[in-house]
Amino acid sequence: MCGVVVDSTSYADPATSRNDVTSKLPDFAQGCDWIGFAAVTGSSESSSCRQDAVAIAATRAENPNDNPVIEERVRSHRLTEVLPRAVKLFDCPAEGEGSDVLGRRATWSSRWPPNGSRTGHTRSSCSATS
């Protein structure tokens, strides 16, 4: 499980944060089998600003024989979905005062692992805050 936290509040420098996400996220996501997204909006737990998680690894149904070629094709395709979802979170409106990453982290934990997940791989978050 990996996570991407995007800070759209006034506490983060927008240009630096966007640059961090676009320059670091593609390499970071390579080591993930599942990646969730969170926007720091000042009221993240109740925020309507969300992006669905991406299950990067192929499921048993997609790759029942553990074929490495199929796994790589599925991963390559799904990895193309990660950066656009993260960047969309920069457009979230500020919804309150402060920064509350832990509220979104609790939401991720309640939905992990996704149905069909084959691994329990865990990785720490790549943060786009400044």
# chains A, B, ... in the order shown; residues from 1 in each chain; ligands from 1

$ select_by_dssp --residues "stretch 16-88 of chain A" --states "strand (DSSP E or B)" --output "PyMOL selection string"
chain A and resi 34-40+54-55

$ write_last_selection --atoms "all heavy atoms" --output "mmCIF file, in the first residue's frame"
data_model
loop_
_atom_site.group_PDB
_atom_site.id
_atom_site.type_symbol
_atom_site.label_atom_id
_atom_site.label_comp_id
_atom_site.auth_asym_id
_atom_site.auth_seq_id
_atom_site.Cartn_x
_atom_site.Cartn_y
_atom_site.Cartn_z
ATOM 1 N N TRP A 34 -0.553 -0.967 -4.916
ATOM 2 C CA TRP A 34 -1.818 -0.257 -4.712
ATOM 3 C C TRP A 34 -1.450 1.129 -4.237
ATOM 4 O O TRP A 34 -0.506 1.295 -3.467
ATOM 5 C CB TRP A 34 -2.641 -0.995 -3.649
ATOM 6 C CG TRP A 34 -4.001 -0.455 -3.380
ATOM 7 C CD1 TRP A 34 -5.157 -0.817 -4.003
ATOM 8 C CD2 TRP A 34 -4.372 0.518 -2.401
ATOM 9 N NE1 TRP A 34 -6.216 -0.136 -3.472
ATOM 10 C CE2 TRP A 34 -5.765 0.701 -2.474
ATOM 11 C CE3 TRP A 34 -3.651 1.267 -1.462
ATOM 12 C CZ2 TRP A 34 -6.448 1.586 -1.668
ATOM 13 C CZ3 TRP A 34 -4.344 2.152 -0.654
ATOM 14 C CH2 TRP A 34 -5.728 2.298 -0.759
ATOM 15 N N ILE A 35 -2.154 2.144 -4.717
ATOM 16 C CA ILE A 35 -1.823 3.507 -4.292
ATOM 17 C C ILE A 35 -3.108 4.296 -4.046
ATOM 18 O O ILE A 35 -4.020 4.282 -4.856
ATOM 19 C CB ILE A 35 -0.894 4.207 -5.315
ATOM 20 C CG1 ILE A 35 -0.273 5.464 -4.743
ATOM 21 C CG2 ILE A 35 -1.576 4.458 -6.630
ATOM 22 C CD1 ILE A 35 0.950 5.939 -5.489
ATOM 23 N N GLY A 36 -3.162 4.931 -2.872
ATOM 24 C CA GLY A 36 -4.295 5.755 -2.499
ATOM 25 C C GLY A 36 -3.909 7.225 -2.549
ATOM 26 O O GLY A 36 -2.726 7.571 -2.537
ATOM 27 N N PHE A 37 -4.908 8.078 -2.608
ATOM 28 C CA PHE A 37 -4.691 9.512 -2.749
ATOM 29 C C PHE A 37 -5.437 10.268 -1.667
ATOM 30 O O PHE A 37 -6.547 9.885 -1.295
ATOM 31 C CB PHE A 37 -5.197 9.991 -4.116
ATOM 32 C CG PHE A 37 -4.572 9.277 -5.265
ATOM 33 C CD1 PHE A 37 -5.145 8.114 -5.768
ATOM 34 C CD2 PHE A 37 -3.398 9.730 -5.835
ATOM 35 C CE1 PHE A 37 -4.572 7.432 -6.825
ATOM 36 C CE2 PHE A 37 -2.814 9.053 -6.886
ATOM 37 C CZ PHE A 37 -3.396 7.903 -7.385
ATOM 38 N N ALA A 38 -4.831 11.343 -1.190
ATOM 39 C CA ALA A 38 -5.477 12.205 -0.203
ATOM 40 C C ALA A 38 -5.151 13.655 -0.520
ATOM 41 O O ALA A 38 -4.046 13.969 -0.960
ATOM 42 C CB ALA A 38 -5.001 11.867 1.202
ATOM 43 N N ALA A 39 -6.130 14.497 -0.307
ATOM 44 C CA ALA A 39 -5.924 15.933 -0.460
ATOM 45 C C ALA A 39 -6.029 16.567 0.912
ATOM 46 O O ALA A 39 -6.975 16.321 1.647
ATOM 47 C CB ALA A 39 -6.978 16.528 -1.385
ATOM 48 N N VAL A 40 -5.050 17.371 1.250
ATOM 49 C CA VAL A 40 -5.111 18.150 2.482
ATOM 50 C C VAL A 40 -5.839 19.432 2.119
ATOM 51 O O VAL A 40 -5.354 20.236 1.333
ATOM 52 C CB VAL A 40 -3.697 18.449 3.027
ATOM 53 C CG1 VAL A 40 -3.789 19.315 4.275
ATOM 54 C CG2 VAL A 40 -2.954 17.171 3.309
ATOM 55 N N VAL A 54 -5.739 3.392 -6.979
ATOM 56 C CA VAL A 54 -5.401 2.591 -8.150
ATOM 57 C C VAL A 54 -4.764 1.296 -7.674
ATOM 58 O O VAL A 54 -3.742 1.316 -6.976
ATOM 59 C CB VAL A 54 -4.416 3.338 -9.082
ATOM 60 C CG1 VAL A 54 -3.999 2.446 -10.251
ATOM 61 C CG2 VAL A 54 -5.022 4.635 -9.592
ATOM 62 N N ALA A 55 -5.389 0.178 -8.039
ATOM 63 C CA ALA A 55 -4.802 -1.142 -7.786
ATOM 64 C C ALA A 55 -3.857 -1.407 -8.949
ATOM 65 O O ALA A 55 -4.293 -1.669 -10.068
ATOM 66 C CB ALA A 55 -5.889 -2.202 -7.706
#

$ residues_around --residues "A:Pro84" --least-positions-apart "5" --cutoff "10 Å" --atoms "only C-alpha atoms" --output "VMD selection string"
chain A and resid 22 51 79 89

$ closest_residue --among "A:Asp33, A:Asp91, A:Glu81, A:Asp52" --to "A:Val6" --atoms "only C-alpha atoms"
A:Asp91

$ residues_around --residues "A:Cys92" --least-positions-apart "4" --cutoff "10 Å" --atoms "only C-alpha atoms" --output "count of residues only"
12

$ closest_residue --among "A:Ile56, A:Ala61, A:Asn67, A:Gly3" --to "A:Val21" --atoms "only C-alpha atoms"
A:Gly3

$ atom_distance --atom1 "atom CA of A:Asp27" --atom2 "atom CA of A:Ala58"
18.8 Å

$ closest_residue --among "A:Val5, A:Arg73, A:Thr80, A:Gln30" --to "A:Arg18" --atoms "only C-alpha atoms"
A:Val5
